[in-house]
file upload20.cif (mmCIF, C-alpha atoms)
data_structure
#
loop_
_atom_site.label_atom_id
_atom_site.label_comp_id
_atom_site.auth_asym_id
_atom_site.auth_seq_id
_atom_site.Cartn_x
_atom_site.Cartn_y
_atom_site.Cartn_z
CA MET A 261 12.40 -24.56 15.12
CA SER A 262 14.54 -22.76 12.57
CA ASN A 263 15.61 -19.25 13.44
CA GLU A 264 16.52 -18.20 9.96
CA ILE A 265 14.88 -15.73 7.63
CA ALA A 266 15.47 -15.92 3.90
CA CYS A 267 15.67 -12.22 3.03
CA HIS A 268 12.72 -11.46 0.75
CA GLY A 269 14.84 -8.86 -1.04
CA CYS A 270 17.79 -11.07 -2.03
CA ASP A 271 17.18 -14.59 -0.59
CA LEU A 272 20.19 -14.54 1.76
CA LEU A 273 19.69 -16.77 4.81
CA VAL A 274 20.05 -14.67 7.93
CA ASP A 275 20.23 -16.09 11.44
CA VAL A 276 17.97 -14.11 13.76
CA SER A 277 18.05 -16.40 16.81
CA ASP A 278 19.86 -14.10 19.24
CA LEU A 279 17.84 -10.91 18.90
CA LYS A 280 17.16 -9.09 22.16
CA ASP A 281 14.27 -6.83 23.04
CA GLY A 282 14.34 -3.81 20.73
CA ASP A 283 16.87 -5.26 18.27
CA ILE A 284 16.31 -4.76 14.56
CA ALA A 285 17.56 -7.32 12.05
CA ARG A 286 18.49 -6.14 8.56
CA CYS A 287 19.83 -8.18 5.68
CA PRO A 288 23.63 -7.76 5.62
CA ARG A 289 23.67 -8.06 1.84
CA CYS A 290 20.81 -5.86 0.55
CA SER A 291 19.94 -4.06 3.83
CA CYS A 292 16.23 -4.89 3.60
CA PHE A 293 14.40 -4.75 6.94
CA LEU A 294 13.81 -8.26 8.25
CA THR A 295 12.37 -8.16 11.74
CA ARG A 296 12.29 -6.26 14.99
CA ARG A 297 11.95 -8.03 18.27
CA ARG A 298 9.85 -6.29 20.87
CA ASN A 299 8.69 -8.08 23.98
CA ASP A 300 5.72 -5.75 24.34
CA MET A 301 4.76 -5.94 20.65
CA TYR A 302 1.22 -7.26 21.18
CA ASP A 303 0.47 -4.67 23.89
CA ARG A 304 1.51 -1.93 21.48
CA VAL A 305 -0.44 -3.35 18.55
CA LEU A 306 -3.56 -3.87 20.67
CA ALA A 307 -3.39 -0.35 22.12
CA PHE A 308 -3.18 1.21 18.66
CA THR A 309 -5.79 -1.17 17.21
CA VAL A 310 -8.38 -0.40 19.88
CA SER A 311 -7.72 3.36 19.55
CA SER A 312 -8.04 3.14 15.77
CA LEU A 313 -11.35 1.28 15.96
CA ILE A 314 -12.84 3.87 18.34
CA LEU A 315 -11.57 6.74 16.17
CA LEU A 316 -12.93 5.09 13.01
CA VAL A 317 -16.39 4.88 14.58
CA LEU A 318 -16.14 8.56 15.56
CA ALA A 319 -14.93 9.47 12.08
CA ASN A 320 -18.09 7.93 10.65
CA SER A 321 -20.46 9.53 13.13
CA TYR A 322 -20.00 13.27 12.60
CA SER A 323 -19.62 15.71 9.74
CA PHE A 324 -16.34 15.45 7.89
CA LEU A 325 -16.08 18.75 6.04
CA SER A 326 -18.36 21.63 5.23
CA PHE A 327 -18.11 24.05 2.39
CA SER A 328 -19.96 27.31 1.99
CA ALA A 329 -20.13 30.25 -0.39
CA SER A 330 -22.69 33.00 -1.03
CA GLY A 331 -25.08 31.66 1.59
CA LEU A 332 -25.10 28.14 0.16
CA GLU A 333 -23.60 25.37 2.23
CA SER A 334 -22.78 21.71 1.75
CA VAL A 335 -21.79 19.39 4.57
CA ILE A 336 -20.46 15.88 3.98
CA THR A 337 -19.76 12.84 6.09
CA LEU A 338 -16.85 10.52 5.46
CA ALA A 339 -19.03 7.88 3.79
CA GLN A 340 -20.41 10.47 1.35
CA THR A 341 -17.00 10.76 -0.28
CA PRO A 342 -17.34 7.41 -2.08
CA GLY A 343 -21.15 7.71 -1.96
CA THR A 344 -21.23 10.76 -4.23
CA LEU A 345 -19.02 9.03 -6.80
CA TRP A 346 -21.58 6.24 -6.90
CA GLN A 347 -24.37 8.78 -7.52
CA TYR A 348 -22.38 10.32 -10.35
CA GLY A 349 -22.40 6.92 -12.07
CA MET A 350 -18.94 5.70 -11.13
CA PRO A 351 -19.60 2.66 -8.94
CA ALA A 352 -16.16 1.16 -9.66
CA VAL A 353 -14.22 4.19 -8.43
CA ALA A 354 -16.64 4.55 -5.50
CA THR A 355 -16.01 0.95 -4.45
CA ILE A 356 -12.24 1.34 -4.80
CA VAL A 357 -12.22 4.51 -2.70
CA ALA A 358 -14.52 3.04 -0.03
CA ALA A 359 -12.39 -0.11 0.12
CA PHE A 360 -9.08 1.72 0.48
CA ILE A 361 -10.13 4.28 3.06
CA ILE A 362 -12.78 2.53 5.19
CA ILE A 363 -13.54 -1.13 4.45
CA ILE A 364 -10.05 -2.66 4.21
CA PRO A 365 -8.71 -0.72 7.22
CA ALA A 366 -11.77 -1.73 9.29
CA VAL A 367 -11.44 -5.40 8.33
CA VAL A 368 -7.69 -5.37 9.08
CA LEU A 369 -8.35 -3.85 12.51
CA VAL A 370 -10.96 -6.45 13.46
CA LEU A 371 -8.65 -9.22 12.26
CA MET A 372 -5.79 -7.73 14.29
CA LEU A 373 -7.94 -7.95 17.43
CA ALA A 374 -8.78 -11.58 16.66
CA LEU A 375 -5.08 -12.33 16.16
CA CYS A 376 -3.29 -10.27 18.78
CA ILE A 377 -5.51 -10.95 21.81
CA PRO A 378 -4.81 -14.74 21.71
CA LEU A 379 -1.14 -14.18 20.78
CA GLN A 380 -0.69 -11.76 23.66
CA LYS A 381 -2.20 -14.29 26.09
CA ARG A 382 -0.26 -17.13 24.40
CA ARG A 383 -3.41 -19.13 23.74
CA TYR A 384 -3.87 -21.22 20.61
CA ARG A 385 -7.00 -20.54 18.57
CA PRO A 386 -8.02 -22.41 15.41
CA TRP A 387 -8.49 -19.16 13.46
CA LEU A 388 -4.98 -17.80 14.03
CA VAL A 389 -3.54 -18.92 10.68
CA PRO A 390 -6.34 -17.75 8.36
CA VAL A 391 -6.69 -14.46 10.26
CA ALA A 392 -2.96 -13.73 10.05
CA ARG A 393 -2.98 -14.57 6.34
CA GLY A 394 -5.84 -12.14 5.84
CA ILE A 395 -4.00 -9.35 7.67
CA PHE A 396 -0.75 -9.69 5.77
CA LEU A 397 -2.54 -9.97 2.42
CA ALA A 398 -4.77 -6.94 3.01
CA GLN A 399 -2.55 -4.51 4.87
CA ASN A 400 -0.79 -3.12 1.78
CA TRP A 401 -4.16 -2.02 0.41
CA ALA A 402 -5.14 0.28 3.24
CA MET A 403 -4.52 3.86 2.16
CA VAL A 404 -5.61 5.91 5.14
CA GLU A 405 -2.50 8.11 5.24
CA VAL A 406 -2.73 8.76 1.50
CA PHE A 407 -6.36 9.82 1.95
CA ILE A 408 -5.40 12.38 4.62
CA ILE A 409 -2.89 13.98 2.24
CA GLY A 410 -5.61 13.89 -0.44
CA VAL A 411 -7.98 15.78 1.87
CA ILE A 412 -5.34 18.42 2.61
CA VAL A 413 -4.57 18.88 -1.09
CA SER A 414 -8.31 19.26 -1.89
CA LEU A 415 -8.73 21.80 0.88
CA VAL A 416 -5.89 23.95 -0.38
CA LYS A 417 -7.35 23.69 -3.87
CA ILE A 418 -10.76 25.08 -2.89
CA MET A 419 -9.84 27.33 0.00
CA ALA A 420 -9.71 30.34 -2.32
CA MET A 421 -13.24 29.65 -3.69
CA ALA A 422 -15.16 29.43 -0.43
CA THR A 423 -15.08 28.86 3.30
CA VAL A 424 -14.16 25.35 4.37
CA VAL A 425 -14.76 24.09 7.89
CA LEU A 426 -13.09 20.94 9.19
CA GLY A 427 -15.57 18.75 11.10
CA ILE A 428 -15.02 16.50 14.11
CA SER A 429 -14.80 13.52 11.78
CA PHE A 430 -11.87 15.04 9.95
CA TRP A 431 -9.84 15.24 13.16
CA ALA A 432 -11.02 11.79 14.23
CA TYR A 433 -9.96 10.36 10.86
CA THR A 434 -6.56 12.07 11.03
CA ALA A 435 -5.95 10.57 14.49
CA PHE A 436 -7.28 7.25 13.17
CA ALA A 437 -4.80 7.35 10.28
CA ILE A 438 -1.90 7.87 12.69
CA CYS A 439 -3.01 5.07 15.06
CA PHE A 440 -3.76 2.69 12.20
CA THR A 441 -0.34 3.26 10.63
CA LEU A 442 1.35 2.66 13.99
CA ALA A 443 -0.72 -0.47 14.64
CA VAL A 444 0.25 -2.00 11.29
CA ALA A 445 3.88 -0.89 11.60
CA ASN A 446 4.21 -2.47 15.04
CA LEU A 447 2.92 -5.87 13.95
CA ASP A 448 6.12 -7.68 12.99
CA ARG A 449 5.46 -10.37 10.43
CA TYR A 450 8.26 -12.74 11.41
CA GLN A 451 7.71 -12.52 15.18
CA CYS A 452 3.98 -12.92 14.72
CA TRP A 453 4.22 -16.08 12.63
CA GLU A 454 6.87 -17.57 14.92
CA ARG A 455 4.50 -17.16 17.86
CA ILE A 456 1.63 -18.74 15.90
CA GLU A 457 3.83 -21.73 15.04
CA GLU A 458 5.05 -22.03 18.62
CA LEU A 459 1.46 -22.04 19.96
CA GLY A 460 0.36 -24.57 17.34
CA ALA A 461 3.28 -26.88 18.20
CA SER A 462 2.68 -26.66 21.96
CA ARG A 463 -0.97 -27.57 21.43
CA VAL A 464 0.00 -30.64 19.44
CA ALA A 465 2.52 -31.63 22.12
CA ALA A 466 0.00 -31.24 24.95
CA MET B 191 31.32 -13.86 -1.69
CA SER B 192 28.85 -15.81 0.35
CA THR B 193 26.35 -17.99 -1.41
CA ASP B 194 24.27 -18.82 1.62
CA THR B 195 20.98 -18.16 -0.05
CA ALA B 196 17.88 -20.18 0.66
CA ALA B 197 17.74 -21.31 -2.97
CA SER B 198 21.33 -22.61 -2.89
CA GLN B 199 20.31 -24.96 -0.07
CA ASN B 200 17.14 -25.90 -1.92
CA LEU B 201 14.99 -24.00 0.55
CA ALA B 202 12.08 -21.77 -0.38
CA SER B 203 10.72 -18.89 1.65
CA CYS B 204 6.96 -18.48 2.02
CA HIS B 205 5.98 -15.13 0.49
CA LEU B 206 3.35 -14.54 3.14
CA CYS B 207 4.75 -15.79 6.47
CA TRP B 208 8.45 -16.00 5.50
CA LYS B 209 8.73 -19.59 6.72
CA VAL B 210 11.84 -21.24 5.29
CA ALA B 211 10.97 -24.74 4.12
CA PRO B 212 12.20 -27.36 1.61
CA ALA B 213 11.59 -26.13 -1.93
CA ASP B 214 9.84 -29.31 -3.09
CA LEU B 215 6.80 -28.59 -0.90
CA HIS B 216 3.98 -26.97 -2.81
CA HIS B 217 2.31 -25.39 0.18
CA CYS B 218 3.79 -23.61 3.14
CA PRO B 219 3.80 -25.99 6.14
CA ARG B 220 2.98 -23.08 8.44
CA CYS B 221 0.35 -20.94 6.73
CA GLY B 222 -0.73 -23.09 3.77
CA SER B 223 0.00 -20.48 1.05
CA ALA B 224 1.26 -21.74 -2.28
CA MET B 225 5.04 -21.88 -2.13
CA HIS B 226 7.58 -21.38 -4.87
CA LEU B 227 11.34 -20.94 -4.97
CA ARG B 228 10.70 -17.65 -6.82
CA LYS B 229 7.44 -15.91 -7.58
CA SER B 230 6.01 -17.81 -10.53
CA ASP B 231 6.38 -16.23 -14.01
CA SER B 232 7.52 -13.08 -12.26
CA ILE B 233 8.99 -11.36 -15.33
CA GLN B 234 6.11 -12.19 -17.70
CA ARG B 235 3.43 -11.16 -15.21
CA THR B 236 5.22 -7.95 -14.31
CA LEU B 237 5.71 -7.03 -17.97
CA ALA B 238 2.10 -7.79 -18.86
CA LEU B 239 0.85 -5.64 -15.99
CA LEU B 240 3.26 -2.82 -16.85
CA VAL B 241 2.01 -2.76 -20.43
CA THR B 242 -1.58 -2.74 -19.12
CA SER B 243 -0.89 0.27 -16.95
CA CYS B 244 0.85 2.09 -19.80
CA VAL B 245 -2.28 1.59 -21.89
CA LEU B 246 -4.53 2.77 -19.05
CA TYR B 247 -2.31 5.80 -18.54
CA ILE B 248 -3.35 7.20 -21.95
CA PRO B 249 -7.09 7.69 -21.22
CA ALA B 250 -6.15 8.79 -17.71
CA ASN B 251 -4.40 11.79 -19.22
CA VAL B 252 -6.49 12.41 -22.33
CA TYR B 253 -9.93 12.47 -20.72
CA PRO B 254 -10.96 14.95 -18.03
CA ILE B 255 -10.51 13.79 -14.44
CA MET B 256 -13.13 16.29 -13.27
CA TYR B 257 -15.61 18.89 -14.50
CA THR B 258 -16.21 22.23 -12.81
CA ASP B 259 -19.69 23.70 -13.40
CA GLN B 260 -19.59 27.33 -12.47
CA LEU B 261 -22.60 29.60 -13.07
CA GLY B 262 -23.87 27.59 -16.01
CA SER B 263 -20.58 26.98 -17.81
CA THR B 264 -18.79 23.62 -17.67
CA GLU B 265 -15.05 23.40 -17.64
CA PRO B 266 -13.40 19.98 -17.95
CA SER B 267 -9.88 19.54 -16.58
CA THR B 268 -7.33 16.81 -17.18
CA ILE B 269 -4.59 15.87 -14.71
CA ILE B 270 -2.01 18.06 -16.45
CA GLY B 271 -4.61 20.79 -17.06
CA GLY B 272 -5.35 20.86 -13.33
CA VAL B 273 -1.66 21.28 -12.53
CA ILE B 274 -1.29 24.13 -15.02
CA LEU B 275 -4.44 25.81 -13.68
CA LEU B 276 -3.12 25.61 -10.13
CA ILE B 277 0.18 27.22 -11.17
CA LYS B 278 -1.75 30.02 -12.89
CA LEU B 279 -3.81 30.52 -9.73
CA GLY B 280 -0.60 30.76 -7.74
CA SER B 281 -0.88 27.56 -5.65
CA VAL B 282 2.52 26.29 -6.69
CA PRO B 283 3.01 23.94 -3.67
CA VAL B 284 -0.28 22.10 -4.35
CA ALA B 285 0.53 21.98 -8.05
CA ALA B 286 3.88 20.47 -7.14
CA VAL B 287 2.29 17.80 -4.91
CA ILE B 288 -0.22 16.81 -7.60
CA PHE B 289 2.45 16.85 -10.31
CA LEU B 290 4.74 14.73 -8.14
CA PHE B 291 2.21 12.03 -7.26
CA SER B 292 0.05 12.01 -10.40
CA VAL B 293 2.71 12.45 -13.07
CA MET B 294 6.23 11.87 -11.79
CA VAL B 295 5.50 8.91 -9.48
CA PRO B 296 3.47 6.81 -11.97
CA ILE B 297 5.85 7.50 -14.86
CA GLY B 298 8.91 7.05 -12.65
CA LYS B 299 7.46 3.79 -11.36
CA LEU B 300 6.84 2.47 -14.85
CA ILE B 301 10.36 3.42 -15.99
CA ALA B 302 11.92 1.90 -12.87
CA MET B 303 9.99 -1.36 -13.23
CA PHE B 304 10.77 -1.66 -16.96
CA TYR B 305 14.42 -0.99 -16.18
CA LEU B 306 14.48 -3.65 -13.44
CA VAL B 307 12.79 -6.24 -15.67
CA TRP B 308 15.21 -5.39 -18.48
CA THR B 309 18.32 -5.72 -16.30
CA VAL B 310 17.10 -9.05 -14.90
CA GLU B 311 16.35 -10.36 -18.39
CA ARG B 312 19.84 -9.57 -19.69
CA HIS B 313 21.49 -10.95 -16.51
CA SER B 314 22.98 -7.62 -15.64
CA ARG B 315 25.53 -7.46 -12.85
CA LEU B 316 25.02 -3.76 -12.17
CA ASP B 317 24.91 -2.80 -8.50
CA ALA B 318 22.29 -5.20 -7.13
CA ARG B 319 22.03 -3.41 -3.81
CA GLN B 320 21.06 -0.21 -5.55
CA ARG B 321 18.54 -1.96 -7.77
CA THR B 322 16.97 -3.63 -4.72
CA LEU B 323 16.69 -0.21 -3.10
CA MET B 324 15.11 1.10 -6.30
CA TYR B 325 12.57 -1.72 -6.17
CA ASN B 326 11.78 -1.09 -2.50
CA VAL B 327 11.25 2.63 -3.13
CA THR B 328 9.02 1.83 -6.13
CA GLU B 329 6.95 -0.52 -4.03
CA PHE B 330 6.69 2.00 -1.21
CA VAL B 331 5.57 5.04 -3.25
CA GLY B 332 3.02 3.08 -5.29
CA LYS B 333 -0.09 3.80 -3.29
CA TRP B 334 0.68 7.51 -2.93
CA SER B 335 -0.45 8.06 -6.52
CA MET B 336 -4.03 7.49 -5.35
CA ILE B 337 -3.97 11.07 -3.99
CA ASP B 338 -5.44 12.47 -7.18
CA VAL B 339 -8.33 10.01 -7.18
CA PHE B 340 -9.05 10.85 -3.54
CA VAL B 341 -8.91 14.57 -4.34
CA VAL B 342 -11.53 14.10 -7.07
CA ALA B 343 -13.69 12.02 -4.70
CA ILE B 344 -13.55 14.65 -1.97
CA LEU B 345 -14.13 17.62 -4.27
CA ALA B 346 -17.05 15.91 -6.03
CA ALA B 347 -18.66 15.09 -2.69
CA LEU B 348 -18.01 18.44 -1.08
CA VAL B 349 -18.48 20.95 -3.87
CA HIS B 350 -22.09 20.94 -4.98
CA LEU B 351 -23.64 24.32 -4.35
CA GLY B 352 -26.71 24.20 -6.59
CA GLY B 353 -26.23 26.26 -9.75
CA LEU B 354 -23.33 28.22 -8.29
CA LEU B 355 -20.48 25.76 -8.20
CA VAL B 356 -20.46 21.99 -8.76
CA ILE B 357 -17.52 19.65 -9.27
CA ARG B 358 -18.21 16.31 -11.00
CA PRO B 359 -15.82 13.37 -11.43
CA GLY B 360 -14.60 12.48 -14.93
CA ILE B 361 -13.90 9.11 -16.52
CA ALA B 362 -10.12 9.61 -16.20
CA ALA B 363 -10.50 9.03 -12.45
CA LEU B 364 -11.37 5.41 -13.23
CA SER B 365 -8.44 4.92 -15.63
CA PHE B 366 -6.08 6.58 -13.22
CA ALA B 367 -7.23 4.41 -10.30
CA GLY B 368 -6.64 1.50 -12.68
CA VAL B 369 -3.09 2.68 -13.40
CA VAL B 370 -2.30 2.89 -9.68
CA ILE B 371 -3.78 -0.51 -8.82
CA VAL B 372 -2.25 -2.32 -11.80
CA THR B 373 1.24 -0.87 -11.17
CA MET B 374 0.94 -1.86 -7.50
CA ILE B 375 0.16 -5.43 -8.55
CA ALA B 376 3.02 -5.28 -11.10
CA ALA B 377 5.44 -4.25 -8.35
CA GLU B 378 4.11 -7.06 -6.18
CA SER B 379 4.61 -9.65 -8.96
CA PHE B 380 8.22 -8.67 -9.48
CA ASP B 381 10.66 -10.80 -7.51
CA SER B 382 13.69 -8.76 -6.43
CA ARG B 383 15.57 -11.96 -5.62
CA LEU B 384 15.98 -12.42 -9.38
CA ILE B 385 18.33 -9.43 -9.30
CA TRP B 386 20.60 -11.37 -6.94
CA ASP B 387 20.31 -14.80 -8.58
CA VAL B 388 22.69 -13.67 -11.32
CA MET B 389 25.40 -13.17 -8.71
CA GLU B 390 25.05 -16.81 -7.66
CA GLU B 391 25.24 -18.07 -11.24
CA SER B 392 28.38 -16.11 -12.03
CA ASP B 393 29.95 -17.07 -8.71
CA SER B 394 29.57 -20.75 -9.57
CA ASP B 395 30.87 -20.03 -13.11
CA ASP B 396 33.97 -18.50 -11.58
CA ALA B 397 34.40 -21.47 -9.31
CA THR B 398 34.16 -24.03 -12.11
CA SER B 399 36.34 -22.22 -14.63
#
call {"tool": "encode", "arguments": {"input": "upload20.cif", "output": "C-alpha cells"}}
result
Amino acid sequence: MSNEIACHGCDLLVDVSDLKDGDIARCPRCSCFLTRRRNDMYDRVLAFTVSSLILLVLANSYSFLSFSASGLESVITLAQTPGTLWQYGMPAVATIVAAFIIIIPAVVLVLMLALCIPLQKRRYRPWLVPVARGIFLAQNWAMVEVFIIGVIVSLVKIMAMATVVLGISFWAYTAFAICFTLAVANLDRYQCWERIEELGASRVAA
Amino acid sequence: MSTDTAASQNLASCHLCWKVAPADLHHCPRCGSAMHLRKSDSIQRTLALLVTSCVLYIPANVYPIMYTDQLGSTEPSTIIGGVILLIKLGSVPVAAVIFLFSVMVPIGKLIAMFYLVWTVERHSRLDARQRTLMYNVTEFVGKWSMIDVFVVAILAALVHLGGLLVIRPGIAALSFAGVVIVTMIAAESFDSRLIWDVMEESDSDDATS
C-alpha cells in the first residue's frame, strides 16, 4: 500500500507513513492540510454523529422562534423556515434552504453512521465505498453553522420591532450545528479511505 | 527546487479519496470516481461559472430581496438598501455583518477567482504559496454568503402579524442564492495545482538551457 498523498493544493507527493497518534501532516510546499492521524477517530466521529442526530430530531420537534407585538403572536418551527418560502411562491429557494440546513446534514449523518460503525469495528461491508463517496461529495453543502449566524442576524434585525422568544428547537439546533461541525471535522478523508482499502484488501485475501 | 509532484511521476490523485494512482487509469481503483491528472477544462469551466455569477449578481442587487408590509404600506428593500436602513436605525454591527457577507465576500470572491484564473493563464510566477492560500480562503468563505438568504427565509417565516407587520421574500433572494451556489461550484472547478505547474515547467526549462 502506498503511504503517499499528492497534495491537492499543489500536487507535491508527501510521505505520510510514519504519522503517530495526534500528528498532523501539512504540505511542506503550500502548507495545505493533508491529514491528521487519530487512533480514536471513529469513536469521536460516532459520538458527535449520534449526538447530532438526536439534536436534529429535537430541533424539528419543538417551536424554533416566536415573535410577538401588540398582542399578535407568530410561532414557527424549523421546517416552516423553508416552508413559508414555498407558500410565497419561491419553491426553488425553499428547496435550497431546506437542503442546506436540514436534508443534506441529515443524509450526511446517516451515511456517517453507515460508514463509521463498520470502520470502527474493522468489518468490511459492501456499501463502504459508495457511502464514503456520498459523504465526501455532500459534506461541503451542509450549511448548519451559516444558518445559525443567519438566525442571530435576523434576531438582531427585528429585536427592536417586537419581542422575540427563542424556542427549545433553537437551542437544540445550535447544539446540533456544533456537534455536526465537529463530526465532519473529525472524519479525516485520507485515514478513512485508507481503512476502507485495507478492509477491502483483507477481505479479498481471506 | 524539488519536482516530486505526482504529475512528474505520471501519477494522478483521485479528487474524492486522494488515492495516488497511475495517470492512464480513467477511474480511481479505490473509489471508482473519474480520475484526471488535473480537473478537466478547469479554467474554461471556472471562467464560465464566474461569468454566470456576475450576471446573476445584477438582478440580485437590482430587485428587492424582501418586502416589508407595515400597516398597509409596502416597502421593498434591496441588499444594499437593507444595509443602509440598518445603519440609519443604528444597528451598525448587523449592517457590517450583512455588508461583509452579502457584498464584500461575493465581490471579493469573484475578483479573487478572476485574478487566479488570469495569473494561471499567463503562466505567472508570482508567489504561488500566497495564491494557494488565497484560493483556500476563497473556497472556505464561499458558503458564508448564504447568510442573507437565510435571513430572508427566517424573517419571512417569522414575521407575519396579520395587517400589522409582514415580511415577504423578494425575487433577488433567488438570484442571490444562485450567485452563492454558482461561485461555490466555480471555486470547486478551479484546480489550484495549475498555479504550481508553471514552476515545474520553468524548472525543466532552466535545466535544459
call {"tool": "interface_residues", "arguments": {"input": "upload20.cif", "of": "chain A", "to": "chain B", "cutoff": "6 Å", "atoms": "all atoms listed in the file", "output": "short mmCIF file (atom, residue, chain, number, x, y, z; two decimals) with C-alpha atoms, in the coordinates of the input"}}
result
data_model
loop_
_atom_site.label_atom_id
_atom_site.label_comp_id
_atom_site.auth_asym_id
_atom_site.auth_seq_id
_atom_site.Cartn_x
_atom_site.Cartn_y
_atom_site.Cartn_z
CA ALA A 266 15.47 -15.92 3.90
CA GLY A 269 14.84 -8.86 -1.04
CA CYS A 270 17.79 -11.07 -2.03
CA ASP A 271 17.18 -14.59 -0.59
CA LEU A 272 20.19 -14.54 1.76
CA LEU A 273 19.69 -16.77 4.81
CA CYS A 290 20.81 -5.86 0.55
CA THR A 341 -17.00 10.76 -0.28
CA THR A 344 -21.23 10.76 -4.23
CA VAL A 353 -14.22 4.19 -8.43
CA VAL A 389 -3.54 -18.92 10.68
CA VAL A 406 -2.73 8.76 1.50
CA GLY A 410 -5.61 13.89 -0.44
CA SER A 414 -8.31 19.26 -1.89
#
call {"tool": "atom_distance", "arguments": {"input": "upload20.cif", "atom1": "CA of Arg382 (chain A)", "atom2": "CA of Val464 (chain A)"}}
result
14.4 Å
call {"tool": "closest_residue", "arguments": {"input": "upload20.cif", "among": "B:Ala302, B:Met389, B:Leu290, B:Ile269", "to": "Tyr253 (chain B)", "atoms": "all atoms listed in the file"}}
result
B:Ile269
call {"tool": "atom_distance", "arguments": {"input": "upload20.cif", "atom1": "CA of Gln340 (chain A)", "atom2": "CA of Leu426 (chain A)"}}
result
15.0 Å
call {"tool": "resolve_selection", "arguments": {"input": "upload20.cif", "expression": "the PyMOL selection byres ((chain A and resi 391) around 12)", "output": "list of chain:residue names"}}
result
A:Val367, A:Val368, A:Leu369, A:Val370, A:Leu371, A:Met372, A:Leu373, A:Ala374, A:Leu375, A:Cys376, A:Pro378, A:Leu379, A:Arg385, A:Pro386, A:Trp387, A:Leu388, A:Val389, A:Pro390, A:Ala392, A:Arg393, A:Gly394, A:Ile395, A:Phe396, A:Leu397, A:Ala398, A:Cys452, A:Trp453, A:Ile456, B:Cys221
call {"tool": "resolve_selection", "arguments": {"input": "upload20.cif", "expression": "the PyMOL selection byres ((chain A and resi 304) around 12)", "output": "PyMOL selection string"}}
result
chain A and resi 298-303+305-311+372-373+376-377+380+439-440+442-448
call {"tool": "resolve_selection", "arguments": {"input": "upload20.cif", "expression": "the PyMOL selection byres ((chain A and resi 423) around 6)", "output": "ChimeraX atom specification"}}
result
/A:327-328,422,424
call {"tool": "axis_aligned_box", "arguments": {"input": "upload20.cif", "around": "region 431-447 of chain A", "padding_each_side": "4 Å", "output": "JSON"}}
result
{"center_x": -3.4, "center_y": 4.7, "center_z": 12.7, "size_x": 23.2, "size_y": 29.1, "size_z": 12.8}
call {"tool": "residues_near_point", "arguments": {"input": "upload20.cif", "point": "(16.3, -21.5, 9.7)", "cutoff": "7 Å", "atoms": "all atoms listed in the file", "output": "PyMOL selection string"}}
result
(chain A and resi 262-265+275) or (chain B and resi 210)
